Amino acid sequence: MTSKPPKVLVANRGEIAARVLSAARELGMPTVAIFAAEDKSAGYHNKADEALPACAESDRTPVDAYLNADRIVKIAREQRVDLIHPGYGFLSENAGFAEQVRAAGMKFVGPPTE
């Protein structure tokens with residue numbers, strides 16, 4: 001009996017997200033991409049198995065969608081994600097986000113909170 005590979009959500013956009021999604025695919029991992037409304041036609045999320053809007057009513061700018069930790073964790077829970085990869089920038093060095101991911105039962109792919 002083989003175990004299923006972990007499912008990863010990439011909480012970033014553009015080239016960074018495309019590279020992480022490609023690497024995950026090469027490893028046989030199912031992938032989820034998020035996108036702001038303004039990025040709907042961007043090609044990076046076409047590399048994912050699933051692509052979901054990350055926008056919430058409280059988002060004032062496109063960048064807000066990628067900084068909305070609560071929304072990202074909610075999407076990850078709904079999609080039964082095992083790992084969240086923040087990419088570079090945005091939430092990648094946010095210890096609070098990393099803790100929030102871990103508290104939700106998922107693994108944060110990034111630096112330790114310490």
# chains A, B, ... in the order shown; residues from 1 in each chain; ligands from 1

call {"tool": "select_by_dssp", "arguments": {"residues": "range 2-78 of chain A", "states": "strand (DSSP E)", "output": "list in words"}}
result
Val8, Leu9, Val10, Thr31, Val32, Ala33, Ile34, Phe35, Glu50, Ala51, Leu52 and Pro53 of chain A

call {"tool": "write_last_selection", "arguments": {"atoms": "N, CA and C atoms", "output": "PDB file, in the first residue's frame"}}
result
ATOM      1  N   VAL A   8      -0.123  20.467  -1.667  1.00  0.00           N
ATOM      2  CA  VAL A   8       0.495  21.734  -1.299  1.00  0.00           C
ATOM      3  C   VAL A   8      -0.266  22.920  -1.897  1.00  0.00           C
ATOM      4  N   LEU A   9      -0.479  23.928  -1.078  1.00  0.00           N
ATOM      5  CA  LEU A   9      -1.035  25.201  -1.536  1.00  0.00           C
ATOM      6  C   LEU A   9       0.109  26.195  -1.631  1.00  0.00           C
ATOM      7  N   VAL A  10       0.208  26.876  -2.759  1.00  0.00           N
ATOM      8  CA  VAL A  10       1.241  27.892  -2.958  1.00  0.00           C
ATOM      9  C   VAL A  10       0.595  29.258  -2.728  1.00  0.00           C
ATOM     10  N   THR A  31      -1.398  20.057  -6.326  1.00  0.00           N
ATOM     11  CA  THR A  31      -1.156  21.471  -6.032  1.00  0.00           C
ATOM     12  C   THR A  31      -2.423  22.313  -6.099  1.00  0.00           C
ATOM     13  N   VAL A  32      -2.398  23.369  -5.274  1.00  0.00           N
ATOM     14  CA  VAL A  32      -3.457  24.373  -5.262  1.00  0.00           C
ATOM     15  C   VAL A  32      -2.780  25.726  -5.373  1.00  0.00           C
ATOM     16  N   ALA A  33      -3.259  26.547  -6.286  1.00  0.00           N
ATOM     17  CA  ALA A  33      -2.779  27.926  -6.420  1.00  0.00           C
ATOM     18  C   ALA A  33      -3.909  28.859  -6.011  1.00  0.00           C
ATOM     19  N   ILE A  34      -3.512  30.009  -5.494  1.00  0.00           N
ATOM     20  CA  ILE A  34      -4.485  31.058  -5.204  1.00  0.00           C
ATOM     21  C   ILE A  34      -4.159  32.251  -6.095  1.00  0.00           C
ATOM     22  N   PHE A  35      -5.156  33.089  -6.327  1.00  0.00           N
ATOM     23  CA  PHE A  35      -4.910  34.272  -7.151  1.00  0.00           C
ATOM     24  C   PHE A  35      -5.846  35.409  -6.758  1.00  0.00           C
ATOM     25  N   GLU A  50      -5.458  22.773  -9.035  1.00  0.00           N
ATOM     26  CA  GLU A  50      -6.628  23.579  -8.687  1.00  0.00           C
ATOM     27  C   GLU A  50      -6.179  25.021  -8.516  1.00  0.00           C
ATOM     28  N   ALA A  51      -7.008  25.956  -8.943  1.00  0.00           N
ATOM     29  CA  ALA A  51      -6.713  27.378  -8.756  1.00  0.00           C
ATOM     30  C   ALA A  51      -7.971  28.057  -8.226  1.00  0.00           C
ATOM     31  N   LEU A  52      -7.778  28.780  -7.121  1.00  0.00           N
ATOM     32  CA  LEU A  52      -8.924  29.380  -6.446  1.00  0.00           C
ATOM     33  C   LEU A  52      -8.685  30.855  -6.162  1.00  0.00           C
ATOM     34  N   PRO A  53      -9.729  31.665  -6.263  1.00  0.00           N
ATOM     35  CA  PRO A  53      -9.568  33.076  -5.921  1.00  0.00           C
ATOM     36  C   PRO A  53      -9.262  33.249  -4.438  1.00  0.00           C
TER      37      PRO A  53
END

call {"tool": "residues_around", "arguments": {"residues": "range 93-109 of chain A", "least_positions_apart": "2", "cutoff": "9 Å", "atoms": "only C-alpha atoms", "output": "ChimeraX atom specification"}}
result
/A:69-70,73,76-77,81-91,111-114

call {"tool": "write_last_selection", "arguments": {"atoms": "N, CA, C and O atoms", "output": "CSV table (one decimal), in the first residue's frame"}}
result
chain,number,residue,atom,x,y,z
A,69,ALA,N,-3.9,36.1,5.7
A,69,ALA,CA,-3.5,34.8,6.2
A,69,ALA,C,-4.8,34.0,6.6
A,69,ALA,O,-4.8,32.8,6.3
A,70,ASP,N,-5.8,34.6,7.2
A,70,ASP,CA,-7.0,33.9,7.6
A,70,ASP,C,-7.7,33.3,6.4
A,70,ASP,O,-8.1,32.1,6.4
A,73,VAL,N,-5.5,30.3,5.0
A,73,VAL,CA,-5.7,29.1,5.8
A,73,VAL,C,-7.0,28.5,5.6
A,73,VAL,O,-7.2,27.2,5.6
A,76,ALA,N,-7.0,26.6,2.4
A,76,ALA,CA,-6.2,25.4,2.6
A,76,ALA,C,-7.0,24.3,3.3
A,76,ALA,O,-6.9,23.1,3.0
A,77,ARG,N,-7.7,24.7,4.4
A,77,ARG,CA,-8.5,23.7,5.1
A,77,ARG,C,-9.6,23.1,4.2
A,77,ARG,O,-9.8,21.9,4.2
A,81,VAL,N,-5.5,20.6,2.3
A,81,VAL,CA,-4.1,20.8,2.0
A,81,VAL,C,-3.2,20.3,3.2
A,81,VAL,O,-3.6,20.4,4.3
A,82,ASP,N,-2.1,19.7,2.8
A,82,ASP,CA,-1.2,19.2,3.9
A,82,ASP,C,-0.1,20.2,4.2
A,82,ASP,O,0.4,20.3,5.3
A,83,LEU,N,0.4,20.9,3.1
A,83,LEU,CA,1.5,21.9,3.2
A,83,LEU,C,1.1,23.2,2.6
A,83,LEU,O,0.3,23.3,1.7
A,84,ILE,N,1.6,24.3,3.2
A,84,ILE,CA,1.5,25.6,2.6
A,84,ILE,C,2.9,26.1,2.3
A,84,ILE,O,3.7,26.3,3.3
A,85,HIS,N,3.1,26.4,1.1
A,85,HIS,CA,4.4,27.0,0.7
A,85,HIS,C,4.2,28.5,0.4
A,85,HIS,O,3.4,28.8,-0.5
A,86,PRO,N,4.8,29.4,1.2
A,86,PRO,CA,4.5,30.8,1.0
A,86,PRO,C,5.3,31.5,-0.1
A,86,PRO,O,5.1,32.6,-0.4
A,87,GLY,N,6.2,30.7,-0.8
A,87,GLY,CA,7.1,31.3,-1.8
A,87,GLY,C,8.1,32.3,-1.1
A,87,GLY,O,8.6,32.0,-0.1
A,88,TYR,N,8.2,33.5,-1.7
A,88,TYR,CA,9.2,34.5,-1.3
A,88,TYR,C,8.4,35.8,-1.1
A,88,TYR,O,7.5,36.1,-1.8
A,89,GLY,N,8.8,36.5,0.0
A,89,GLY,CA,8.0,37.8,0.3
A,89,GLY,C,6.7,37.4,0.9
A,89,GLY,O,6.5,36.4,1.5
A,90,PHE,N,5.7,38.3,0.8
A,90,PHE,CA,4.4,38.2,1.3
A,90,PHE,C,4.4,37.6,2.7
A,90,PHE,O,4.9,38.3,3.6
A,91,LEU,N,4.0,36.4,2.9
A,91,LEU,CA,3.9,35.8,4.2
A,91,LEU,C,5.1,34.8,4.5
A,91,LEU,O,5.0,34.1,5.5
A,111,PRO,N,11.0,29.0,6.9
A,111,PRO,CA,11.9,29.1,8.0
A,111,PRO,C,11.1,28.8,9.3
A,111,PRO,O,9.9,29.0,9.4
A,112,PRO,N,11.7,28.3,10.4
A,112,PRO,CA,11.1,28.0,11.6
A,112,PRO,C,10.7,29.4,12.2
A,112,PRO,O,11.3,30.4,12.0
A,113,THR,N,9.7,29.3,13.1
A,113,THR,CA,9.2,30.6,13.7
A,113,THR,C,10.2,31.2,14.7
A,113,THR,O,10.1,32.4,14.9
A,114,GLU,N,11.0,30.4,15.2
A,114,GLU,CA,12.0,30.9,16.1
A,114,GLU,C,13.0,31.9,15.4
A,114,GLU,O,13.6,32.8,15.9

call {"tool": "atom_distance", "arguments": {"atom1": "CA of Ala54 in chain A", "atom2": "CA of Pro5 in chain A"}}
result
23.9 Å

call {"tool": "atom_distance", "arguments": {"atom1": "CA of Lys47 in chain A", "atom2": "CA of Arg60 in chain A"}}
result
26.7 Å

call {"tool": "atom_distance", "arguments": {"atom1": "CA of Ala36 in chain A", "atom2": "CA of Val63 in chain A"}}
result
7.6 Å

call {"tool": "select_by_dssp", "arguments": {"residues": "chain A", "states": "alpha helix (DSSP H)", "output": "ChimeraX atom specification"}}
result
/A:14-26,62-67,69-78,95-103

call {"tool": "write_last_selection", "arguments": {"atoms": "N, CA, C and O atoms", "output": "compact mmCIF listing (two decimals), in the first residue's frame"}}
result
# COMPACT_ATOMS: atom_id res chain seq x y z
N GLY A 14 2.80 34.84 -9.58
CA GLY A 14 3.80 35.06 -10.61
C GLY A 14 4.83 33.96 -10.75
O GLY A 14 4.54 32.78 -10.55
N GLU A 15 6.05 34.37 -11.11
CA GLU A 15 7.13 33.43 -11.39
C GLU A 15 7.48 32.57 -10.18
O GLU A 15 7.79 31.38 -10.31
N ILE A 16 7.44 33.15 -9.00
CA ILE A 16 7.74 32.39 -7.79
C ILE A 16 6.74 31.25 -7.64
O ILE A 16 7.12 30.09 -7.42
N ALA A 17 5.47 31.55 -7.77
CA ALA A 17 4.44 30.52 -7.65
C ALA A 17 4.61 29.48 -8.75
O ALA A 17 4.51 28.28 -8.49
N ALA A 18 4.90 29.92 -9.97
CA ALA A 18 5.07 28.98 -11.09
C ALA A 18 6.20 28.00 -10.82
O ALA A 18 6.07 26.80 -11.08
N ARG A 19 7.30 28.48 -10.27
CA ARG A 19 8.44 27.59 -9.98
C ARG A 19 8.11 26.59 -8.88
O ARG A 19 8.46 25.42 -8.97
N VAL A 20 7.44 27.05 -7.83
CA VAL A 20 7.07 26.14 -6.74
C VAL A 20 6.07 25.10 -7.25
O VAL A 20 6.19 23.91 -6.95
N LEU A 21 5.10 25.54 -8.03
CA LEU A 21 4.10 24.62 -8.57
C LEU A 21 4.76 23.58 -9.49
O LEU A 21 4.42 22.39 -9.42
N SER A 22 5.69 24.01 -10.32
CA SER A 22 6.40 23.08 -11.21
C SER A 22 7.20 22.06 -10.42
O SER A 22 7.19 20.86 -10.73
N ALA A 23 7.90 22.53 -9.38
CA ALA A 23 8.69 21.62 -8.55
C ALA A 23 7.79 20.60 -7.85
O ALA A 23 8.11 19.41 -7.80
N ALA A 24 6.68 21.06 -7.32
CA ALA A 24 5.75 20.15 -6.64
C ALA A 24 5.20 19.13 -7.62
O ALA A 24 5.10 17.93 -7.29
N ARG A 25 4.88 19.56 -8.80
CA ARG A 25 4.35 18.63 -9.81
C ARG A 25 5.40 17.57 -10.16
O ARG A 25 5.08 16.39 -10.28
N GLU A 26 6.66 18.00 -10.31
CA GLU A 26 7.74 17.05 -10.59
C GLU A 26 7.87 16.01 -9.48
O GLU A 26 8.27 14.87 -9.73
N PRO A 62 -4.78 44.22 -4.78
CA PRO A 62 -4.46 42.85 -5.17
C PRO A 62 -3.50 42.18 -4.18
O PRO A 62 -3.65 41.00 -3.86
N VAL A 63 -2.55 42.92 -3.68
CA VAL A 63 -1.56 42.37 -2.75
C VAL A 63 -2.23 41.90 -1.46
O VAL A 63 -1.82 40.91 -0.85
N ASP A 64 -3.30 42.57 -1.05
CA ASP A 64 -4.01 42.18 0.17
C ASP A 64 -4.46 40.71 0.12
O ASP A 64 -4.48 40.04 1.15
N ALA A 65 -4.80 40.22 -1.06
CA ALA A 65 -5.23 38.83 -1.19
C ALA A 65 -4.13 37.87 -0.79
O ALA A 65 -4.39 36.81 -0.21
N TYR A 66 -2.89 38.23 -1.07
CA TYR A 66 -1.75 37.36 -0.76
C TYR A 66 -1.23 37.58 0.66
O TYR A 66 -0.36 36.85 1.12
N LEU A 67 -1.78 38.55 1.35
CA LEU A 67 -1.41 38.81 2.74
C LEU A 67 -2.53 38.43 3.71
O LEU A 67 -2.37 38.56 4.92
N ALA A 69 -3.88 36.10 5.65
CA ALA A 69 -3.54 34.80 6.25
C ALA A 69 -4.78 33.99 6.61
O ALA A 69 -4.83 32.78 6.35
N ASP A 70 -5.79 34.63 7.18
CA ASP A 70 -7.00 33.91 7.57
C ASP A 70 -7.67 33.27 6.36
O ASP A 70 -8.09 32.11 6.40
N ARG A 71 -7.76 34.02 5.29
CA ARG A 71 -8.40 33.51 4.06
C ARG A 71 -7.58 32.37 3.46
O ARG A 71 -8.14 31.36 3.03
N ILE A 72 -6.27 32.52 3.44
CA ILE A 72 -5.40 31.48 2.86
C ILE A 72 -5.53 30.18 3.65
O ILE A 72 -5.67 29.10 3.07
N VAL A 73 -5.51 30.27 4.97
CA VAL A 73 -5.65 29.07 5.80
C VAL A 73 -7.04 28.47 5.62
O VAL A 73 -7.19 27.24 5.55
N LYS A 74 -8.06 29.30 5.48
CA LYS A 74 -9.42 28.79 5.25
C LYS A 74 -9.48 28.02 3.94
O LYS A 74 -10.05 26.92 3.88
N ILE A 75 -8.91 28.57 2.89
CA ILE A 75 -8.88 27.88 1.59
C ILE A 75 -8.13 26.56 1.72
O ILE A 75 -8.58 25.52 1.23
N ALA A 76 -7.00 26.58 2.41
CA ALA A 76 -6.20 25.37 2.58
C ALA A 76 -6.99 24.29 3.33
O ALA A 76 -6.95 23.11 2.95
N ARG A 77 -7.71 24.68 4.35
CA ARG A 77 -8.54 23.71 5.09
C ARG A 77 -9.62 23.12 4.18
O ARG A 77 -9.84 21.91 4.16
N GLU A 78 -10.31 24.00 3.45
CA GLU A 78 -11.39 23.55 2.57
C GLU A 78 -10.88 22.59 1.49
O GLU A 78 -11.60 21.68 1.09
N ALA A 95 6.10 34.91 11.14
CA ALA A 95 6.02 33.86 12.15
C ALA A 95 4.57 33.59 12.58
O ALA A 95 4.20 32.44 12.83
N GLY A 96 3.77 34.63 12.64
CA GLY A 96 2.36 34.46 13.01
C GLY A 96 1.62 33.59 12.00
O GLY A 96 0.80 32.75 12.38
N PHE A 97 1.90 33.80 10.72
CA PHE A 97 1.27 32.98 9.69
C PHE A 97 1.73 31.53 9.81
O PHE A 97 0.92 30.60 9.74
N ALA A 98 3.04 31.33 10.01
CA ALA A 98 3.57 29.98 10.16
C ALA A 98 2.90 29.26 11.33
O ALA A 98 2.51 28.09 11.22
N GLU A 99 2.73 29.96 12.44
CA GLU A 99 2.05 29.38 13.60
C GLU A 99 0.60 29.07 13.29
O GLU A 99 0.06 28.04 13.71
N GLN A 100 -0.04 29.96 12.57
CA GLN A 100 -1.45 29.77 12.20
C GLN A 100 -1.60 28.51 11.33
O GLN A 100 -2.53 27.73 11.51
N VAL A 101 -0.68 28.33 10.40
CA VAL A 101 -0.69 27.14 9.54
C VAL A 101 -0.53 25.88 10.38
O VAL A 101 -1.28 24.92 10.24
N ARG A 102 0.44 25.90 11.26
CA ARG A 102 0.70 24.73 12.11
C ARG A 102 -0.48 24.45 13.05
O ARG A 102 -0.85 23.30 13.27
N ALA A 103 -1.09 25.50 13.59
CA ALA A 103 -2.24 25.33 14.48
C ALA A 103 -3.43 24.72 13.75
O ALA A 103 -4.26 24.06 14.36

call {"tool": "closest_residue", "arguments": {"among": "A:Gln79, A:Asp49, A:Ala42, A:Asn68", "to": "Pro30 in chain A", "atoms": "only C-alpha atoms"}}
result
A:Asp49

call {"tool": "closest_residue", "arguments": {"among": "A:Ala48, A:Glu57, A:Glu38, A:Ser92", "to": "Asn12 in chain A", "atoms": "only C-alpha atoms"}}
result
A:Ser92
